[in-house]
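Have a look at model_20.cif; it's mmCIF, C-alpha atoms:
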data_coords
#
loop_
_atom_site.label_atom_id
_atom_site.label_comp_id
_atom_site.auth_asym_id
_atom_site.auth_seq_id
_atom_site.Cartn_x
_atom_site.Cartn_y
_atom_site.Cartn_z
CA MET A 22 -37.12 99.14 -33.91
CA THR A 23 -37.63 97.38 -37.24
CA ALA A 24 -40.36 94.74 -37.19
CA LEU A 25 -39.05 91.23 -37.80
CA LEU A 26 -42.53 89.70 -37.60
CA GLU A 27 -45.93 91.22 -38.34
CA VAL A 28 -49.10 89.20 -37.82
CA ARG A 29 -52.35 90.65 -39.12
CA ASP A 30 -55.91 89.35 -38.65
CA LEU A 31 -54.67 85.77 -38.18
CA VAL A 32 -57.35 83.09 -38.03
CA LYS A 33 -56.91 79.37 -37.35
CA THR A 34 -59.83 76.99 -36.82
CA TYR A 35 -60.00 73.26 -36.28
CA THR A 36 -62.64 70.58 -35.84
CA ASP A 37 -63.02 69.13 -32.35
CA LYS A 38 -63.88 65.53 -31.46
CA ARG A 39 -67.58 66.32 -31.70
CA GLY A 40 -67.22 67.66 -35.23
CA ARG A 41 -67.63 71.30 -34.21
CA ARG A 42 -65.58 74.17 -35.60
CA VAL A 43 -63.39 75.89 -33.02
CA SER A 44 -61.70 79.25 -33.60
CA ALA A 45 -58.42 78.67 -31.77
CA VAL A 46 -56.95 81.93 -33.12
CA ASP A 47 -59.47 84.58 -34.05
CA GLY A 48 -58.23 87.78 -35.68
CA VAL A 49 -54.90 88.11 -33.85
CA ASN A 50 -52.59 91.05 -34.57
CA LEU A 51 -49.06 91.39 -33.19
CA ASP A 52 -45.61 92.74 -34.03
CA LEU A 53 -42.18 91.55 -32.94
CA ALA A 54 -39.02 93.60 -33.35
CA GLN A 55 -35.54 92.23 -33.98
CA GLY A 56 -34.00 91.26 -30.63
CA GLU A 57 -37.28 91.52 -28.74
CA VAL A 58 -39.07 88.91 -26.60
CA LEU A 59 -42.87 88.95 -26.58
CA GLY A 60 -44.55 86.84 -23.91
CA ILE A 61 -47.87 85.20 -24.85
CA VAL A 62 -49.89 84.29 -21.76
CA GLY A 63 -53.34 82.94 -20.94
CA GLU A 64 -55.21 79.96 -19.55
CA SER A 65 -54.96 76.51 -21.10
CA GLY A 66 -57.04 76.37 -24.27
CA CYS A 67 -56.81 80.09 -25.04
CA GLY A 68 -55.03 79.42 -28.35
CA LYS A 69 -51.49 80.51 -27.53
CA THR A 70 -49.83 77.27 -28.67
CA THR A 71 -51.89 77.21 -31.87
CA LEU A 72 -50.84 80.82 -32.48
CA GLY A 73 -47.16 79.93 -32.18
CA ARG A 74 -47.41 76.90 -34.43
CA THR A 75 -49.39 78.79 -37.05
CA ILE A 76 -46.86 81.63 -37.12
CA LEU A 77 -44.09 79.07 -37.79
CA ARG A 78 -46.25 77.44 -40.49
CA LEU A 79 -46.35 74.13 -38.63
CA MET A 80 -50.07 74.71 -39.15
CA THR A 81 -51.63 76.59 -42.07
CA ALA A 82 -53.65 79.69 -41.28
CA ASP A 83 -57.25 79.92 -42.49
CA ALA A 84 -56.91 83.67 -43.04
CA GLY A 85 -54.63 86.59 -42.30
CA ALA A 86 -51.03 87.58 -42.95
CA ILE A 87 -47.75 86.45 -41.37
CA ARG A 88 -45.05 88.80 -42.61
CA PHE A 89 -41.50 87.72 -41.79
CA GLU A 90 -39.01 90.42 -42.76
CA GLY A 91 -41.66 91.84 -45.05
CA THR A 92 -42.61 88.60 -46.85
CA ASP A 93 -46.06 87.15 -46.22
CA ILE A 94 -45.45 83.45 -45.56
CA ALA A 95 -49.02 82.59 -44.48
CA GLN A 96 -49.94 80.78 -47.70
CA LEU A 97 -46.55 80.05 -49.24
CA PRO A 98 -46.24 76.52 -50.66
CA GLU A 99 -43.89 74.23 -48.77
CA ARG A 100 -41.18 74.31 -51.45
CA ARG A 101 -40.88 78.09 -51.01
CA LEU A 102 -40.85 77.88 -47.21
CA LYS A 103 -37.48 76.15 -46.87
CA PRO A 104 -35.38 79.36 -46.69
CA PHE A 105 -37.70 80.66 -43.96
CA ARG A 106 -37.44 77.40 -41.99
CA ARG A 107 -33.80 78.25 -41.35
CA GLU A 108 -34.79 81.56 -39.79
CA MET A 109 -37.62 80.33 -37.56
CA GLN A 110 -37.36 77.51 -35.02
CA MET A 111 -39.37 76.14 -32.11
CA ILE A 112 -38.60 74.88 -28.60
CA PHE A 113 -41.32 72.44 -27.57
CA GLN A 114 -42.86 71.88 -24.16
CA ASP A 115 -41.87 68.22 -23.73
CA PRO A 116 -38.10 67.88 -24.10
CA PHE A 117 -38.21 64.07 -24.23
CA GLY A 118 -41.12 63.80 -26.67
CA SER A 119 -39.43 66.18 -29.10
CA LEU A 120 -36.20 64.15 -29.26
CA ASN A 121 -35.88 60.90 -31.22
CA PRO A 122 -34.81 58.30 -28.61
CA ARG A 123 -33.11 56.16 -31.29
CA HIS A 124 -30.68 58.88 -32.32
CA THR A 125 -27.63 60.22 -30.55
CA VAL A 126 -27.61 63.82 -29.41
CA GLY A 127 -25.11 64.61 -32.16
CA THR A 128 -27.48 63.30 -34.81
CA ILE A 129 -30.46 65.14 -33.29
CA VAL A 130 -28.72 68.50 -33.07
CA GLY A 131 -27.04 68.01 -36.44
CA GLU A 132 -30.16 66.99 -38.35
CA PRO A 133 -31.26 70.51 -39.37
CA LEU A 134 -27.68 71.23 -40.42
CA ALA A 135 -27.66 68.16 -42.66
CA ILE A 136 -31.04 69.06 -44.18
CA HIS A 137 -29.78 72.51 -45.13
CA GLY A 138 -26.47 71.31 -46.53
CA TYR A 139 -24.01 72.47 -43.88
CA VAL A 140 -20.45 71.17 -43.93
CA ASP A 141 -18.38 70.28 -40.84
CA ILE A 142 -21.53 69.41 -38.92
CA ALA A 143 -19.63 67.78 -36.05
CA LYS A 144 -17.79 71.03 -35.27
CA ARG A 145 -21.00 73.04 -35.26
CA VAL A 146 -22.74 70.47 -33.03
CA ALA A 147 -19.87 70.62 -30.54
CA GLU A 148 -20.12 74.43 -30.46
CA LEU A 149 -23.86 74.29 -29.86
CA LEU A 150 -23.58 71.78 -27.03
CA GLU A 151 -20.95 73.95 -25.36
CA THR A 152 -23.21 76.98 -25.79
CA VAL A 153 -26.07 75.35 -23.88
CA GLY A 154 -23.80 74.08 -21.12
CA LEU A 155 -23.63 70.36 -21.94
CA GLY A 156 -20.18 69.97 -23.46
CA ALA A 157 -19.13 68.39 -26.74
CA ALA A 158 -18.93 64.88 -25.22
CA ALA A 159 -22.75 64.80 -24.99
CA ALA A 160 -22.94 64.29 -28.76
CA SER A 161 -22.26 60.54 -28.50
CA ARG A 162 -24.96 59.86 -25.91
CA PHE A 163 -28.70 59.21 -26.22
CA PRO A 164 -31.60 61.32 -24.85
CA HIS A 165 -32.58 58.80 -22.16
CA GLU A 166 -29.16 59.26 -20.55
CA PHE A 167 -29.98 62.87 -19.63
CA SER A 168 -32.22 64.55 -17.08
CA GLY A 169 -35.26 66.58 -18.11
CA GLY A 170 -33.39 69.86 -17.85
CA GLN A 171 -30.47 68.51 -19.87
CA ARG A 172 -32.85 67.23 -22.55
CA GLN A 173 -34.35 70.70 -22.84
CA ARG A 174 -30.82 72.05 -23.31
CA ILE A 175 -30.44 69.59 -26.20
CA ALA A 176 -33.71 70.85 -27.69
CA ILE A 177 -32.48 74.43 -27.35
CA ALA A 178 -29.20 73.53 -29.08
CA ARG A 179 -31.15 72.01 -31.96
CA ALA A 180 -33.33 75.13 -32.24
CA LEU A 181 -30.19 77.30 -32.42
CA ALA A 182 -28.39 75.10 -34.96
CA LEU A 183 -29.19 77.14 -38.07
CA GLY A 184 -28.72 80.53 -36.42
CA PRO A 185 -32.41 81.50 -36.55
CA LYS A 186 -33.69 85.05 -36.13
CA LEU A 187 -36.96 83.96 -34.50
CA ILE A 188 -37.61 81.30 -31.88
CA VAL A 189 -41.03 80.29 -30.59
CA ALA A 190 -40.62 78.81 -27.11
CA ASP A 191 -43.81 76.92 -26.24
CA GLU A 192 -44.02 76.38 -22.46
CA PRO A 193 -40.31 75.44 -22.45
CA VAL A 194 -40.06 74.89 -18.68
CA SER A 195 -43.54 73.71 -17.65
CA ALA A 196 -42.59 70.02 -17.93
CA LEU A 197 -39.50 70.46 -15.73
CA ASP A 198 -38.98 70.25 -11.97
CA VAL A 199 -39.27 73.61 -10.26
CA SER A 200 -35.64 73.35 -9.14
CA ILE A 201 -34.53 73.09 -12.79
CA GLN A 202 -36.87 75.66 -14.31
CA SER A 203 -34.85 78.68 -13.21
CA GLN A 204 -31.68 77.25 -14.80
CA ILE A 205 -33.38 76.89 -18.20
CA ILE A 206 -35.04 80.31 -17.92
CA ASN A 207 -31.68 81.90 -17.16
CA LEU A 208 -30.08 80.04 -20.07
CA ILE A 209 -32.78 81.29 -22.47
CA ALA A 210 -32.42 84.85 -21.17
CA ASP A 211 -28.63 84.68 -21.56
CA LEU A 212 -28.81 83.25 -25.09
CA ARG A 213 -31.33 85.89 -26.07
CA ARG A 214 -28.92 88.65 -25.04
CA ARG A 215 -25.79 87.08 -26.49
CA LEU A 216 -27.30 86.04 -29.82
CA HIS A 217 -29.72 88.96 -30.17
CA LEU A 218 -32.61 86.56 -30.66
CA SER A 219 -36.20 87.52 -31.25
CA MET A 220 -38.62 85.27 -29.39
CA LEU A 221 -42.26 84.50 -28.79
CA PHE A 222 -42.28 83.03 -25.28
CA ILE A 223 -45.52 81.13 -24.63
CA SER A 224 -46.49 80.30 -21.06
CA HIS A 225 -49.34 80.16 -18.56
CA ASP A 226 -46.88 81.17 -15.82
CA LEU A 227 -46.78 84.96 -15.60
CA SER A 228 -43.77 84.94 -13.26
CA VAL A 229 -41.70 83.17 -15.92
CA VAL A 230 -42.89 85.49 -18.68
CA ARG A 231 -42.07 88.54 -16.59
CA HIS A 232 -38.47 87.36 -16.21
CA VAL A 233 -37.72 86.98 -19.92
CA SER A 234 -40.10 89.27 -21.86
CA ASP A 235 -39.89 92.87 -23.04
CA ARG A 236 -43.60 92.97 -23.82
CA ILE A 237 -46.55 90.79 -22.96
CA ALA A 238 -49.72 89.84 -24.86
CA VAL A 239 -52.61 88.33 -22.92
CA MET A 240 -54.92 85.91 -24.78
CA TYR A 241 -58.45 84.84 -23.95
CA LEU A 242 -60.45 82.42 -26.12
CA GLY A 243 -58.40 83.02 -29.25
CA ARG A 244 -58.09 86.79 -29.00
CA ILE A 245 -55.54 89.19 -27.53
CA VAL A 246 -57.19 91.30 -24.82
CA GLU A 247 -54.20 93.34 -23.63
CA SER A 248 -50.66 93.98 -24.87
CA GLY A 249 -47.94 96.28 -23.64
CA ALA A 250 -44.56 96.66 -21.95
CA THR A 251 -44.14 93.85 -19.43
CA GLU A 252 -43.47 95.94 -16.34
CA ALA A 253 -46.25 98.38 -17.17
CA VAL A 254 -48.78 95.56 -17.56
CA PHE A 255 -47.70 93.91 -14.32
CA ALA A 256 -47.67 97.19 -12.42
CA LYS A 257 -51.12 98.28 -13.56
CA PRO A 258 -53.11 95.75 -15.63
CA ARG A 259 -56.03 97.41 -17.40
CA HIS A 260 -58.16 94.53 -18.73
CA PRO A 261 -60.17 92.74 -15.98
CA TYR A 262 -58.86 89.37 -17.17
CA THR A 263 -55.26 90.54 -16.94
CA GLN A 264 -55.98 91.92 -13.48
CA ALA A 265 -57.21 88.48 -12.40
CA LEU A 266 -54.13 86.74 -13.81
CA VAL A 267 -51.71 89.16 -12.15
CA SER A 268 -53.54 88.91 -8.82
CA ALA A 269 -53.06 85.13 -8.84
CA ILE A 270 -49.24 85.29 -8.99
CA PRO A 271 -47.79 83.77 -5.78
CA ARG A 272 -46.03 86.30 -3.59
CA PRO A 273 -43.64 86.00 -0.66
CA PRO A 274 -45.34 86.30 2.76
CA THR A 275 -43.96 89.82 3.31
CA ALA A 276 -45.23 91.00 -0.06
CA ALA A 277 -48.60 89.31 0.41
CA LYS A 278 -49.36 91.55 3.38
CA THR A 279 -49.26 94.68 1.25
CA ALA A 280 -50.54 93.18 -2.01
CA SER A 281 -54.18 93.46 -3.08
CA SER A 282 -56.42 90.43 -2.62
CA ARG A 283 -56.75 87.85 -5.32
CA ILE A 284 -59.50 88.50 -7.86
CA VAL A 285 -61.93 85.59 -8.06
CA LEU A 286 -63.59 85.15 -11.44
CA LYS A 287 -67.07 83.71 -11.40
CA GLY A 288 -68.28 81.10 -13.87
CA GLU A 289 -66.52 78.65 -16.13
CA ILE A 290 -64.40 79.30 -19.21
CA PRO A 291 -66.86 79.32 -22.14
CA ASP A 292 -66.95 76.53 -24.68
CA PRO A 293 -64.50 77.60 -27.42
CA ALA A 294 -66.79 76.02 -30.01
CA ASP A 295 -69.62 78.27 -28.84
CA PRO A 296 -68.06 81.51 -27.56
CA PRO A 297 -70.24 84.24 -26.07
CA PRO A 298 -71.32 87.18 -28.26
CA GLY A 299 -69.72 90.55 -27.75
CA CYS A 300 -66.72 90.48 -25.45
CA ARG A 301 -65.84 86.82 -24.89
CA PHE A 302 -64.94 87.57 -21.29
CA HIS A 303 -68.17 89.35 -20.33
CA ARG A 304 -69.85 86.40 -18.58
CA ARG A 305 -66.97 86.17 -16.09
CA CYS A 306 -66.16 89.87 -15.92
CA PRO A 307 -67.00 91.73 -12.68
CA ILE A 308 -67.49 95.07 -14.48
CA ALA A 309 -69.37 93.90 -17.60
CA THR A 310 -72.29 96.01 -18.77
CA GLU A 311 -74.94 95.58 -21.44
CA ILE A 312 -72.65 96.74 -24.25
CA CYS A 313 -70.11 94.04 -23.38
CA ALA A 314 -72.67 91.34 -24.21
CA ARG A 315 -73.47 92.87 -27.60
CA VAL A 316 -70.38 94.52 -29.09
CA VAL A 317 -66.95 93.02 -29.68
CA PRO A 318 -64.39 95.47 -28.22
CA ASP A 319 -61.60 96.53 -30.56
CA LEU A 320 -57.99 96.06 -29.48
CA LYS A 321 -56.94 99.71 -29.41
CA MET A 322 -54.41 101.97 -27.75
CA GLN A 323 -55.36 103.10 -24.26
CA THR A 324 -52.67 105.46 -22.96
CA ASP A 325 -49.59 103.19 -22.94
CA ARG A 326 -50.84 99.85 -24.30
CA LEU A 327 -53.38 97.99 -26.42
CA VAL A 328 -56.54 96.89 -24.61
CA ALA A 329 -59.74 95.23 -25.87
CA CYS A 330 -62.23 96.41 -23.27
CA HIS A 331 -65.19 98.81 -23.44
CA HIS A 332 -64.28 100.14 -19.99
CA ALA A 333 -60.49 100.36 -20.30
CA ALA A 334 -60.60 104.13 -20.78
CA SER A 335 -61.36 104.47 -17.07
CA ASP A 336 -58.19 104.61 -15.00
CA THR A 337 -58.56 101.38 -13.03
CA PRO A 338 -61.92 99.59 -13.33
CA PRO A 339 -63.48 98.57 -10.01
CA ILE A 340 -63.00 94.86 -9.35
CA GLN A 341 -64.37 92.36 -6.90
CA THR A 342 -61.78 90.71 -4.69
CA ARG A 343 -61.70 88.06 -2.06
#
Target encoding structure tokens, full file:
Amino acid sequence: MTALLEVRDLVKTYTDKRGRRVSAVDGVNLDLAQGEVLGIVGESGCGKTTLGRTILRLMTADAGAIRFEGTDIAQLPERRLKPFRREMQMIFQDPFGSLNPRHTVGTIVGEPLAIHGYVDIAKRVAELLETVGLGAAAASRFPHEFSGGQRQRIAIARALALGPKLIVADEPVSALDVSIQSQIINLIADLRRRLHLSMLFISHDLSVVRHVSDRIAVMYLGRIVESGATEAVFAKPRHPYTQALVSAIPRPPTAAKTASSRIVLKGEIPDPADPPPGCRFHRRCPIATEICARVVPDLKMQTDRLVACHHAASDTPPIQTR
């Protein structure tokens, strides 16, 4: 498939409250094909949200390339970014915080259309609200009149307004009740198929990512440690960190009897302002050796996927379980 998005050696740093430099995204490489969904997963603070925002140029990269349909947009001035803004949109985590409470839904969904000079905005807004399952009558109401799930549908309608090719969905269901999450996940999956959308789906919930993604990329302290086809990664994770994440997925009682025990990682997540040398995971890794503490492992192909681990060439590394 033709690559819609190519990210190469992307770096984004920021200064924390103590004045220290933190590498939130440190040399990330990824590709996304037209019509594909790539899930980005990892613990809180691993850099996945910063990665998504930097790719959309809501934040400016310190280094690296972001090629969208062949054009590197990483350092484009804002005046030259406007055509690309139409093609790339974001769904935020907090559906209420991302909607202006003083504006009607029609104004909120129609705002990007007005900015880009569309005509017959009301008709397009009505179509979008129907598409996300709210109905055209919702246009005259305000965000506070809707439930959390309905507000996220409004946010999705706004993201779709300009007919984008790429959507970054940043934890789009984590702020919702569990009973509502599946409805929004199913809506996103349906829209992806019908509209042939390409998507970066960011989440800490591997079960959600598995439902919507073609491929998965696992992040740890600003770097991708494993990336491959979703079902292959879930069936046989190769990086010890991915193994720990997959082992923590809740299972039904019948499945739990036959599933392997949960992998318990020792130690705390390192300070992102002072990451360990070598492999950043080595202090928590049950199979780390001396080389892991000295040498940064390259993200390279190991059989059927990319893995950044000195020991990934072995079939299934031995792991400690509880």
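Taking all atoms listed in the file into account, the protein, DNA and RNA residues within 12 Å of (-49.1, 83.4, -8.3) read A:His225, A:Asp226, A:Leu227, A:Ser228, A:Val229, A:Ala265, A:Leu266, A:Val267, A:Ser268, A:Ala269, A:Ile270, A:Pro271, A:Arg272, A:Pro273, A:Ala276, A:Ala277, A:Ala280, A:Ser282, A:Arg283, A:Ile284.
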Test item: the PyMOL selection byres ((chain A and resi 63-65) around 6) resolved as an MDAnalysis selection string: chainID A and resid 62 66:67 225 239:240
Chain and number of each residue from the PyMOL selection byres ((chain A and resi 176-182) around 8), as a list in words: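 Evaluating the PyMOL selection byres ((chain A and resi 176-182) around 8) on this file yields Gln110, Met111, Ile112, Phe113, Pro116, Ser119, Leu120, Ile129, Val130, Gly131, Pro133, Leu134, Arg145, Val146, Leu149, Leu150, Thr152, Val153, Arg172, Gln173, Arg174, Ile175, Leu183, Gly184, Pro185 and Ile188 of chain A.
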Straight-line distance linking CA of Cys306 in chain A with CA of Ala45 in chain A, stated in Å to one decimal: 20.9 Å
Explicit residues for the PyMOL selection byres ((chain A and resi 298) around 9) (as number ranges by chain): A: 296-297, 299-301, 303, 313-317
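Residue nearest Gly169 in chain A within the list A:Arg215, A:Phe117, A:Ala147, A:Ile136: A:Phe117 [criterion: smallest interatomic distance, only C-alpha atoms].
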Two-atom distance - CA of Ala294 in chain A, CA of Ala190 in chain A (Å): 26.5 Å
One-decimal distance in Å that lies between CA of Lys287 in chain A and CA of Arg304 in chain A: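 Interatomic distance here is 8.2 Å.
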Pick from A:Ala24, A:Leu31, A:Met220, A:Cys330 nearest to Asp191 in chain A, counting all atoms listed in the file: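 Checking each of A:Ala24, A:Leu31, A:Met220, A:Cys330 against Asp191 in chain A, counting all atoms listed in the file, the winner is A:Met220.
Each of A:Glu289, A:Glu192, A:Glu57, A:Asp211 was compared to Phe302 in chain A using all atoms listed in the file, and A:Glu289 turns out to be the nearest.
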Closest of A:Gly243, A:Gly127, A:Pro261, A:Gly85 to Gly68 in chain A - atom-to-atom distances counting all atoms listed in the file: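 Using all atoms listed in the file, Gly68 in chain A sits closest to A:Gly243.
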For Gly48 in chain A, the nearest of the candidates A:Val233, A:Leu212, A:Ile205, A:Ala82, counting all atoms listed in the file: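 Under the stated criterion, the closest residue is A:Ala82.
Between Gly118 in chain A and the residues A:Ala333, A:His165, A:Lys257, A:Leu26, the shortest atom-to-atom distance, using only C-alpha atoms, involves A:His165.
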Exercise: Gly60 in chain A partners within 6 Å, all atoms listed in the file, chain neighbours under 5 positions left out, as a short mmCIF file (atom, residue, chain, number, x, y, z; two decimals) with C-alpha atoms, in the frame of the given file:
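The result, written out as around.cif:
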data_model
loop_
_atom_site.label_atom_id
_atom_site.label_comp_id
_atom_site.auth_asym_id
_atom_site.auth_seq_id
_atom_site.Cartn_x
_atom_site.Cartn_y
_atom_site.Cartn_z
CA LEU A 221 -42.26 84.50 -28.79
CA PHE A 222 -42.28 83.03 -25.28
CA ILE A 223 -45.52 81.13 -24.63
CA VAL A 230 -42.89 85.49 -18.68
CA SER A 234 -40.10 89.27 -21.86
CA ILE A 237 -46.55 90.79 -22.96
#
Distance query 12 Å from (-51.5, 91.7, -44.7) using all atoms listed in the file, result as a list in words: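 Within the cut-off we find Leu26, Glu27, Val28, Arg29, Asp30, Leu31, Gly48, Val49, Asn50, Leu51, Ala84, Gly85, Ala86, Ile87, Arg88, Phe89, Gly91, Thr92, Asp93, Ile94, Ala95 and Gln96 of chain A.
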Starting from the sparse input, extend range 23-44 of chain A to N, CA, C and O atoms and give the output as a PDB file, in the frame of the given file.
ATOM      1  N   THR A  23     -37.069  97.989 -36.041  1.00  0.00           N
ATOM      2  CA  THR A  23     -37.630  97.380 -37.240  1.00  0.00           C
ATOM      3  C   THR A  23     -38.368  96.097 -36.899  1.00  0.00           C
ATOM      4  O   THR A  23     -37.869  95.262 -36.143  1.00  0.00           O
ATOM      5  N   ALA A  24     -39.559  95.933 -37.462  1.00  0.00           N
ATOM      6  CA  ALA A  24     -40.360  94.740 -37.190  1.00  0.00           C
ATOM      7  C   ALA A  24     -39.766  93.543 -37.932  1.00  0.00           C
ATOM      8  O   ALA A  24     -39.576  93.586 -39.148  1.00  0.00           O
ATOM      9  N   LEU A  25     -39.473  92.488 -37.194  1.00  0.00           N
ATOM     10  CA  LEU A  25     -39.050  91.230 -37.800  1.00  0.00           C
ATOM     11  C   LEU A  25     -40.279  90.435 -38.229  1.00  0.00           C
ATOM     12  O   LEU A  25     -40.303  89.808 -39.284  1.00  0.00           O
ATOM     13  N   LEU A  26     -41.315  90.484 -37.383  1.00  0.00           N
ATOM     14  CA  LEU A  26     -42.530  89.700 -37.600  1.00  0.00           C
ATOM     15  C   LEU A  26     -43.744  90.599 -37.446  1.00  0.00           C
ATOM     16  O   LEU A  26     -43.846  91.367 -36.491  1.00  0.00           O
ATOM     17  N   GLU A  27     -44.658  90.500 -38.406  1.00  0.00           N
ATOM     18  CA  GLU A  27     -45.930  91.220 -38.340  1.00  0.00           C
ATOM     19  C   GLU A  27     -47.053  90.218 -38.618  1.00  0.00           C
ATOM     20  O   GLU A  27     -47.074  89.597 -39.687  1.00  0.00           O
ATOM     21  N   VAL A  28     -47.955  90.087 -37.674  1.00  0.00           N
ATOM     22  CA  VAL A  28     -49.100  89.200 -37.820  1.00  0.00           C
ATOM     23  C   VAL A  28     -50.356  90.057 -37.901  1.00  0.00           C
ATOM     24  O   VAL A  28     -50.576  90.919 -37.039  1.00  0.00           O
ATOM     25  N   ARG A  29     -51.168  89.833 -38.922  1.00  0.00           N
ATOM     26  CA  ARG A  29     -52.350  90.650 -39.120  1.00  0.00           C
ATOM     27  C   ARG A  29     -53.595  89.782 -39.353  1.00  0.00           C
ATOM     28  O   ARG A  29     -53.623  88.942 -40.249  1.00  0.00           O
ATOM     29  N   ASP A  30     -54.585  89.984 -38.504  1.00  0.00           N
ATOM     30  CA  ASP A  30     -55.910  89.350 -38.650  1.00  0.00           C
ATOM     31  C   ASP A  30     -55.790  87.831 -38.819  1.00  0.00           C
ATOM     32  O   ASP A  30     -56.492  87.222 -39.642  1.00  0.00           O
ATOM     33  N   LEU A  31     -54.936  87.205 -38.037  1.00  0.00           N
ATOM     34  CA  LEU A  31     -54.670  85.770 -38.180  1.00  0.00           C
ATOM     35  C   LEU A  31     -55.824  84.940 -37.622  1.00  0.00           C
ATOM     36  O   LEU A  31     -56.303  85.184 -36.507  1.00  0.00           O
ATOM     37  N   VAL A  32     -56.251  83.974 -38.404  1.00  0.00           N
ATOM     38  CA  VAL A  32     -57.350  83.090 -38.030  1.00  0.00           C
ATOM     39  C   VAL A  32     -56.917  81.642 -38.235  1.00  0.00           C
ATOM     40  O   VAL A  32     -56.369  81.294 -39.286  1.00  0.00           O
ATOM     41  N   LYS A  33     -57.145  80.812 -37.227  1.00  0.00           N
ATOM     42  CA  LYS A  33     -56.910  79.370 -37.350  1.00  0.00           C
ATOM     43  C   LYS A  33     -58.037  78.632 -36.645  1.00  0.00           C
ATOM     44  O   LYS A  33     -58.271  78.822 -35.452  1.00  0.00           O
ATOM     45  N   THR A  34     -58.760  77.801 -37.388  1.00  0.00           N
ATOM     46  CA  THR A  34     -59.830  76.990 -36.820  1.00  0.00           C
ATOM     47  C   THR A  34     -59.500  75.514 -36.963  1.00  0.00           C
ATOM     48  O   THR A  34     -58.650  75.124 -37.768  1.00  0.00           O
ATOM     49  N   TYR A  35     -60.145  74.709 -36.151  1.00  0.00           N
ATOM     50  CA  TYR A  35     -60.000  73.260 -36.280  1.00  0.00           C
ATOM     51  C   TYR A  35     -61.326  72.610 -35.891  1.00  0.00           C
ATOM     52  O   TYR A  35     -62.233  73.262 -35.342  1.00  0.00           O
ATOM     53  N   THR A  36     -61.436  71.339 -36.169  1.00  0.00           N
ATOM     54  CA  THR A  36     -62.640  70.580 -35.840  1.00  0.00           C
ATOM     55  C   THR A  36     -62.385  69.750 -34.607  1.00  0.00           C
ATOM     56  O   THR A  36     -61.416  68.985 -34.555  1.00  0.00           O
ATOM     57  N   ASP A  37     -63.231  69.894 -33.582  1.00  0.00           N
ATOM     58  CA  ASP A  37     -63.020  69.130 -32.350  1.00  0.00           C
ATOM     59  C   ASP A  37     -63.573  67.713 -32.486  1.00  0.00           C
ATOM     60  O   ASP A  37     -64.070  67.310 -33.559  1.00  0.00           O
ATOM     61  N   LYS A  38     -63.490  66.940 -31.419  1.00  0.00           N
ATOM     62  CA  LYS A  38     -63.880  65.530 -31.460  1.00  0.00           C
ATOM     63  C   LYS A  38     -65.367  65.342 -31.715  1.00  0.00           C
ATOM     64  O   LYS A  38     -65.801  64.264 -32.127  1.00  0.00           O
ATOM     65  N   ARG A  39     -66.142  66.390 -31.478  1.00  0.00           N
ATOM     66  CA  ARG A  39     -67.580  66.320 -31.700  1.00  0.00           C
ATOM     67  C   ARG A  39     -67.981  66.883 -33.062  1.00  0.00           C
ATOM     68  O   ARG A  39     -69.163  67.028 -33.369  1.00  0.00           O
ATOM     69  N   GLY A  40     -66.961  67.162 -33.889  1.00  0.00           N
ATOM     70  CA  GLY A  40     -67.220  67.660 -35.230  1.00  0.00           C
ATOM     71  C   GLY A  40     -67.573  69.136 -35.288  1.00  0.00           C
ATOM     72  O   GLY A  40     -68.046  69.617 -36.326  1.00  0.00           O
ATOM     73  N   ARG A  41     -67.307  69.879 -34.236  1.00  0.00           N
ATOM     74  CA  ARG A  41     -67.630  71.300 -34.210  1.00  0.00           C
ATOM     75  C   ARG A  41     -66.415  72.144 -34.595  1.00  0.00           C
ATOM     76  O   ARG A  41     -65.284  71.769 -34.297  1.00  0.00           O
ATOM     77  N   ARG A  42     -66.660  73.268 -35.226  1.00  0.00           N
ATOM     78  CA  ARG A  42     -65.580  74.170 -35.600  1.00  0.00           C
ATOM     79  C   ARG A  42     -65.199  75.050 -34.422  1.00  0.00           C
ATOM     80  O   ARG A  42     -66.050  75.662 -33.779  1.00  0.00           O
ATOM     81  N   VAL A  43     -63.908  75.095 -34.134  1.00  0.00           N
ATOM     82  CA  VAL A  43     -63.390  75.890 -33.020  1.00  0.00           C
ATOM     83  C   VAL A  43     -62.411  76.926 -33.564  1.00  0.00           C
ATOM     84  O   VAL A  43     -61.488  76.594 -34.297  1.00  0.00           O
ATOM     85  N   SER A  44     -62.629  78.183 -33.204  1.00  0.00           N
ATOM     86  CA  SER A  44     -61.700  79.250 -33.600  1.00  0.00           C
ATOM     87  C   SER A  44     -60.608  79.366 -32.540  1.00  0.00           C
ATOM     88  O   SER A  44     -60.779  80.068 -31.541  1.00  0.00           O
TER      89      SER A  44
END
